[in-house]
>>> print(open('model_13.tsv').read())   # TSV, C-alpha atoms
chain	number	residue	atom	x	y	z
M	1	MET	CA	42.92	-117.65	-99.29
M	2	ASN	CA	39.98	-118.23	-101.63
M	3	TYR	CA	37.17	-120.52	-100.58
M	4	GLU	CA	34.90	-122.07	-103.18
M	5	PHE	CA	31.50	-123.75	-103.35
M	6	SER	CA	30.01	-125.92	-106.07
M	7	ILE	CA	26.41	-127.11	-106.25
M	8	THR	CA	24.67	-129.31	-108.78
M	9	ALA	CA	20.91	-128.78	-108.75
M	10	SER	CA	17.97	-128.00	-110.98
M	11	MET	CA	17.84	-124.63	-112.75
M	12	SER	CA	14.53	-124.07	-110.95
M	13	GLU	CA	16.41	-123.69	-107.64
M	14	LEU	CA	17.50	-120.18	-108.67
M	15	VAL	CA	13.94	-118.86	-108.65
M	16	TRP	CA	10.97	-118.89	-106.34
M	17	PHE	CA	7.30	-118.76	-107.31
M	18	PRO	CA	5.41	-117.02	-104.47
M	19	ASP	CA	2.08	-118.09	-105.97
M	20	GLU	CA	2.13	-121.59	-107.43
M	21	TRP	CA	-0.80	-120.72	-109.70
M	22	ALA	CA	0.89	-117.69	-111.30
M	23	ASP	CA	3.78	-117.42	-113.76
M	24	GLU	CA	5.55	-114.63	-111.85
M	25	TYR	CA	8.73	-115.56	-110.05
M	26	GLN	CA	11.52	-113.91	-108.08
M	27	VAL	CA	15.16	-114.67	-107.43
M	28	HIS	CA	15.20	-117.35	-104.75
M	29	PRO	CA	15.94	-115.74	-101.36
M	30	ASN	CA	18.80	-118.18	-100.69
M	31	PHE	CA	20.53	-117.35	-103.97
M	32	LYS	CA	19.88	-113.66	-103.37
M	33	ALA	CA	21.64	-114.02	-100.01
M	34	VAL	CA	24.70	-115.45	-101.79
M	35	MET	CA	24.73	-112.57	-104.30
M	36	ASP	CA	24.30	-109.98	-101.54
M	37	TRP	CA	27.05	-111.45	-99.37
M	38	LEU	CA	29.54	-111.56	-102.26
M	39	GLY	CA	28.41	-108.19	-103.64
M	40	ILE	CA	27.85	-109.70	-107.09
M	41	SER	CA	24.70	-109.22	-109.12
M	42	VAL	CA	23.55	-112.01	-111.47
M	43	PRO	CA	20.69	-111.41	-113.94
M	44	VAL	CA	18.83	-114.52	-112.80
M	45	SER	CA	15.63	-113.77	-114.74
M	46	ASP	CA	17.50	-113.37	-118.03
M	47	ILE	CA	19.50	-116.55	-117.47
M	48	TYR	CA	16.42	-118.51	-116.39
M	49	GLU	CA	14.39	-117.41	-119.41
M	50	ARG	CA	17.23	-117.94	-121.88
M	51	TYR	CA	17.95	-121.39	-120.46
M	52	PHE	CA	14.44	-122.64	-121.20
M	53	GLU	CA	14.30	-120.93	-124.59
M	54	SER	CA	17.61	-122.45	-125.74
M	55	PRO	CA	17.81	-125.80	-127.48
M	56	VAL	CA	19.34	-128.80	-125.77
M	57	ASN	CA	23.05	-129.38	-126.38
M	58	SER	CA	23.78	-125.69	-125.78
M	59	GLY	CA	24.72	-123.39	-122.92
M	60	HIS	CA	27.91	-121.66	-121.80
M	61	ILE	CA	29.83	-121.13	-118.58
M	62	LEU	CA	28.81	-117.73	-117.19
M	63	VAL	CA	31.17	-116.04	-114.72
M	64	PHE	CA	30.01	-112.95	-112.84
M	65	GLU	CA	32.60	-110.85	-111.02
M	66	GLN	CA	32.30	-107.70	-108.99
M	67	THR	CA	35.32	-106.14	-110.70
M	68	SER	CA	37.72	-107.41	-113.34
M	69	ASP	CA	40.44	-108.02	-110.72
M	70	SER	CA	38.16	-109.48	-108.07
M	71	THR	CA	38.84	-112.95	-106.72
M	72	SER	CA	35.20	-113.45	-105.76
M	73	CYS	CA	32.82	-114.66	-108.45
M	74	ILE	CA	29.60	-116.55	-109.14
M	75	VAL	CA	29.69	-119.20	-111.87
M	76	LEU	CA	26.84	-120.95	-113.70
M	77	ASP	CA	27.27	-123.80	-116.15
M	78	THR	CA	24.13	-123.51	-118.28
M	79	TYR	CA	24.81	-126.44	-120.59
M	80	ARG	CA	21.57	-128.32	-121.35
M	81	ASP	CA	22.31	-132.01	-121.61
M	82	PRO	CA	19.97	-133.59	-124.19
M	83	LEU	CA	19.25	-136.54	-121.88
M	84	ASP	CA	18.62	-134.47	-118.73
M	85	GLN	CA	14.98	-134.31	-117.67
M	86	MET	CA	15.51	-132.29	-114.47
M	87	ASP	CA	17.17	-129.21	-116.04
M	88	VAL	CA	20.32	-129.73	-114.01
M	89	ILE	CA	22.99	-127.04	-113.91
M	90	ARG	CA	26.19	-126.59	-111.99
M	91	LEU	CA	26.67	-123.38	-110.10
M	92	GLY	CA	29.29	-122.16	-107.72
M	93	TRP	CA	30.93	-119.20	-106.14
M	94	ARG	CA	34.28	-118.13	-104.80
M	95	SER	CA	34.72	-116.00	-101.72
M	96	LYS	CA	37.88	-114.10	-100.97
M	97	TYR	CA	37.89	-115.49	-97.46
M	98	GLU	CA	36.62	-118.59	-95.73
M	99	ASP	CA	34.09	-117.29	-93.27
M	100	ARG	CA	31.28	-118.95	-91.40
M	101	GLU	CA	28.55	-116.80	-92.90
M	102	ILE	CA	29.19	-117.68	-96.56
M	103	ARG	CA	29.49	-121.33	-95.54
M	104	ARG	CA	26.17	-121.11	-93.68
M	105	ILE	CA	24.45	-119.35	-96.60
M	106	SER	CA	25.84	-121.84	-99.13
M	107	ARG	CA	24.82	-124.87	-97.11
M	108	LYS	CA	21.35	-123.39	-96.53
M	109	PHE	CA	20.97	-122.85	-100.28
M	110	TYR	CA	21.84	-126.50	-100.96
M	111	ASP	CA	19.87	-128.00	-98.07
M	112	GLU	CA	16.70	-126.20	-99.10
M	113	CYS	CA	16.92	-127.19	-102.79
M	114	GLU	CA	14.07	-129.43	-103.87
M	115	PHE	CA	16.27	-131.20	-106.43
M	116	ALA	CA	19.76	-131.04	-104.91
M	117	ILE	CA	22.32	-133.43	-106.35
M	118	ARG	CA	25.81	-132.50	-105.17
M	119	TYR	CA	27.54	-130.08	-102.79
M	120	GLN	CA	31.26	-129.35	-102.52
M	121	GLU	CA	33.29	-126.75	-100.73
M	122	GLY	CA	37.01	-126.16	-100.45
M	123	GLN	CA	39.93	-124.18	-101.80
M	124	SER	CA	40.03	-125.52	-105.37
M	125	VAL	CA	36.49	-126.71	-106.11
M	126	LEU	CA	36.10	-124.40	-109.13
M	127	SER	CA	39.70	-124.47	-110.42
M	128	GLU	CA	39.20	-126.88	-113.34
M	129	TRP	CA	35.94	-125.22	-114.20
M	130	LEU	CA	37.46	-121.76	-114.58
M	131	ARG	CA	40.60	-122.66	-116.54
M	132	GLU	CA	40.37	-120.61	-119.75
M	133	GLU	CA	42.65	-122.95	-121.69
M	134	LEU	CA	40.09	-125.79	-121.42
M	135	TYR	CA	37.64	-123.91	-123.63
M	136	PRO	CA	35.96	-124.32	-125.95
M	137	ARG	CA	34.70	-127.65	-124.62
M	138	LYS	CA	33.13	-129.82	-127.28
M	139	PHE	CA	29.85	-131.67	-126.82
M	140	HIS	CA	28.66	-134.10	-129.51
M	141	TYR	CA	25.00	-135.03	-129.64
M	142	GLN	CA	23.70	-135.20	-133.19
M	143	THR	CA	25.46	-131.86	-133.74
M	144	LEU	CA	28.64	-130.37	-132.31
M	145	PHE	CA	28.37	-127.66	-129.65
M	146	GLU	CA	31.39	-125.71	-128.46
M	147	GLN	CA	30.90	-124.40	-124.94
M	148	ARG	CA	32.68	-121.18	-124.10
M	149	ILE	CA	33.39	-119.35	-120.89
M	150	LYS	CA	31.83	-115.88	-120.75
M	151	ARG	CA	32.83	-113.33	-118.13
M	152	TYR	CA	30.73	-110.41	-116.91
M	153	VAL	CA	31.83	-107.64	-114.57
M	154	ASN	CA	29.34	-105.65	-112.54
M	155	LEU	CA	29.48	-103.17	-109.72
M	156	MET	CA	27.10	-103.71	-106.87
M	157	GLU	CA	26.95	-100.81	-104.43
M	158	SER	CA	27.71	-102.65	-101.20
M	159	SER	CA	30.10	-105.53	-100.84
M	160	ASN	CA	30.65	-107.84	-97.91
M	161	GLU	CA	33.82	-109.26	-99.46
M	162	ASP	CA	36.01	-107.67	-96.80
M	163	LYS	CA	34.11	-109.21	-93.90
>>> encode(input="model_13.tsv", output="structure tokens")
Amino acid sequence: MNYEFSITASMSELVWFPDEWADEYQVHPNFKAVMDWLGISVPVSDIYERYFESPVNSGHILVFEQTSDSTSCIVLDTYRDPLDQMDVIRLGWRSKYEDREIRRISRKFYDECEFAIRYQEGQSVLSEWLREELYPRKFHYQTLFEQRIKRYVNLMESSNEDK
């Protein structure tokens, strides 16, 4: 049984600035805990930088999986709505099993977000989001943007997926 989580929050929730007067940042410890628990690595710095360098009315669905046949994944919807002033993204993850630890980590991530908007968990929270046949999605705002789903497979050394 898969168990899924979906969070709507600001893009800035993925990173943490240890020194508020410096430009250096790290992956937020709560998001790092999610990645570690699922055994999936996400290039947060690259995504964060690219997000703010990209024009509005752009951004794809990014799916990160441990292996190509893995049921666990981390998903980020990086679409930049032209009218959004808080840099809101949707992100989520799927765990192979429903266990208390991933639920605790997920809720902690959401509860400690400065700009948290929505939290969902259940067995089919990401199903519509991950349906390949729904893409490309079309967004019209002065120009047409076709959002695609992009999948990335990585191998992280240790995985807690079997816990």
>>> closest_residue(input="model_13.tsv", among="M:Val15, M:Leu83, M:Val27, M:Val88", to="Asn57 in chain M", atoms="only C-alpha atoms")
M:Leu83
>>> atom_distance(input="model_13.tsv", atom1="CA of His28 in chain M", atom2="CA of Pro82 in chain M")
25.8 Å
>>> closest_residue(input="model_13.tsv", among="M:Phe139, M:Tyr152, M:Trp93, M:Tyr51", to="Leu126 in chain M", atoms="all atoms listed in the file")
M:Trp93
>>> residues_around(input="model_13.tsv", residues="range 106-122 of chain M", least_positions_apart="4", cutoff="9 Å", atoms="all atoms listed in the file", output="PyMOL selection string")
chain M and resi 2-10+12-13+29-31+33-34+86+88+98+101-102+126
>>> write_last_selection(input="model_13.tsv", atoms="C-alpha atoms", output="mmCIF file, in the coordinates of the input")
data_model
loop_
_atom_site.group_PDB
_atom_site.id
_atom_site.type_symbol
_atom_site.label_atom_id
_atom_site.label_comp_id
_atom_site.auth_asym_id
_atom_site.auth_seq_id
_atom_site.Cartn_x
_atom_site.Cartn_y
_atom_site.Cartn_z
ATOM 1 C CA ASN M 2 39.980 -118.230 -101.630
ATOM 2 C CA TYR M 3 37.170 -120.520 -100.580
ATOM 3 C CA GLU M 4 34.900 -122.070 -103.180
ATOM 4 C CA PHE M 5 31.500 -123.750 -103.350
ATOM 5 C CA SER M 6 30.010 -125.920 -106.070
ATOM 6 C CA ILE M 7 26.410 -127.110 -106.250
ATOM 7 C CA THR M 8 24.670 -129.310 -108.780
ATOM 8 C CA ALA M 9 20.910 -128.780 -108.750
ATOM 9 C CA SER M 10 17.970 -128.000 -110.980
ATOM 10 C CA SER M 12 14.530 -124.070 -110.950
ATOM 11 C CA GLU M 13 16.410 -123.690 -107.640
ATOM 12 C CA PRO M 29 15.940 -115.740 -101.360
ATOM 13 C CA ASN M 30 18.800 -118.180 -100.690
ATOM 14 C CA PHE M 31 20.530 -117.350 -103.970
ATOM 15 C CA ALA M 33 21.640 -114.020 -100.010
ATOM 16 C CA VAL M 34 24.700 -115.450 -101.790
ATOM 17 C CA MET M 86 15.510 -132.290 -114.470
ATOM 18 C CA VAL M 88 20.320 -129.730 -114.010
ATOM 19 C CA GLU M 98 36.620 -118.590 -95.730
ATOM 20 C CA GLU M 101 28.550 -116.800 -92.900
ATOM 21 C CA ILE M 102 29.190 -117.680 -96.560
ATOM 22 C CA LEU M 126 36.100 -124.400 -109.130
#
>>> atom_distance(input="model_13.tsv", atom1="CA of Ile40 in chain M", atom2="CA of Leu14 in chain M")
14.8 Å
>>> atom_distance(input="model_13.tsv", atom1="CA of Asp87 in chain M", atom2="CA of Arg131 in chain M")
24.3 Å
>>> closest_residue(input="model_13.tsv", among="M:His60, M:Lys150, M:Arg90, M:Arg50", to="Lys138 in chain M", atoms="all atoms listed in the file")
M:His60
>>> closest_residue(input="model_13.tsv", among="M:Thr143, M:Ser95, M:Gln26, M:Ser58", to="Val75 in chain M", atoms="all atoms listed in the file")
M:Ser95
>>> closest_residue(input="model_13.tsv", among="M:Arg80, M:Asn154, M:Ile74, M:Glu146", to="Ser54 in chain M", atoms="only C-alpha atoms")
M:Arg80
>>> residues_around(input="model_13.tsv", residues="Ser72 in chain M", least_positions_apart="5", cutoff="7 Å", atoms="only C-alpha atoms", output="list in words")
Leu38, Glu65, Arg94, Ser95 and Lys96 of chain M
>>> closest_residue(input="model_13.tsv", among="M:Gln85, M:Ile105, M:Arg151, M:Leu144", to="Val42 in chain M", atoms="all atoms listed in the file")
M:Arg151
>>> decode(input="model_13.tsv", residues="range 49-72 of chain M", atoms="C-alpha atoms", output="PDB file, in the first residue's frame")
ATOM      1  CA  GLU M  49      18.316  28.518  -8.394  1.00  0.00           C
ATOM      2  CA  ARG M  50      16.595  27.558 -11.648  1.00  0.00           C
ATOM      3  CA  TYR M  51      13.183  28.428 -10.200  1.00  0.00           C
ATOM      4  CA  PHE M  52      14.186  32.018  -9.488  1.00  0.00           C
ATOM      5  CA  GLU M  53      16.059  32.394 -12.769  1.00  0.00           C
ATOM      6  CA  SER M  54      13.112  31.162 -14.853  1.00  0.00           C
ATOM      7  CA  PRO M  55      10.434  33.491 -16.161  1.00  0.00           C
ATOM      8  CA  VAL M  56       6.916  33.394 -14.794  1.00  0.00           C
ATOM      9  CA  ASN M  57       4.450  31.149 -16.632  1.00  0.00           C
ATOM     10  CA  SER M  58       7.017  28.338 -16.749  1.00  0.00           C
ATOM     11  CA  GLY M  59       8.068  25.327 -14.694  1.00  0.00           C
ATOM     12  CA  HIS M  60       7.604  21.576 -15.002  1.00  0.00           C
ATOM     13  CA  ILE M  61       6.602  18.683 -12.763  1.00  0.00           C
ATOM     14  CA  LEU M  62       9.808  17.065 -11.490  1.00  0.00           C
ATOM     15  CA  VAL M  63       9.613  13.470 -10.245  1.00  0.00           C
ATOM     16  CA  PHE M  64      12.587  11.957  -8.426  1.00  0.00           C
ATOM     17  CA  GLU M  65      12.674   8.195  -7.907  1.00  0.00           C
ATOM     18  CA  GLN M  66      15.203   5.945  -6.279  1.00  0.00           C
ATOM     19  CA  THR M  67      15.016   3.419  -9.118  1.00  0.00           C
ATOM     20  CA  SER M  68      12.944   3.267 -12.288  1.00  0.00           C
ATOM     21  CA  ASP M  69      10.631   0.634 -10.773  1.00  0.00           C
ATOM     22  CA  SER M  70      10.390   2.201  -7.335  1.00  0.00           C
ATOM     23  CA  THR M  71       6.986   3.128  -5.943  1.00  0.00           C
ATOM     24  CA  SER M  72       8.486   5.789  -3.681  1.00  0.00           C
TER      25      SER M  72
END
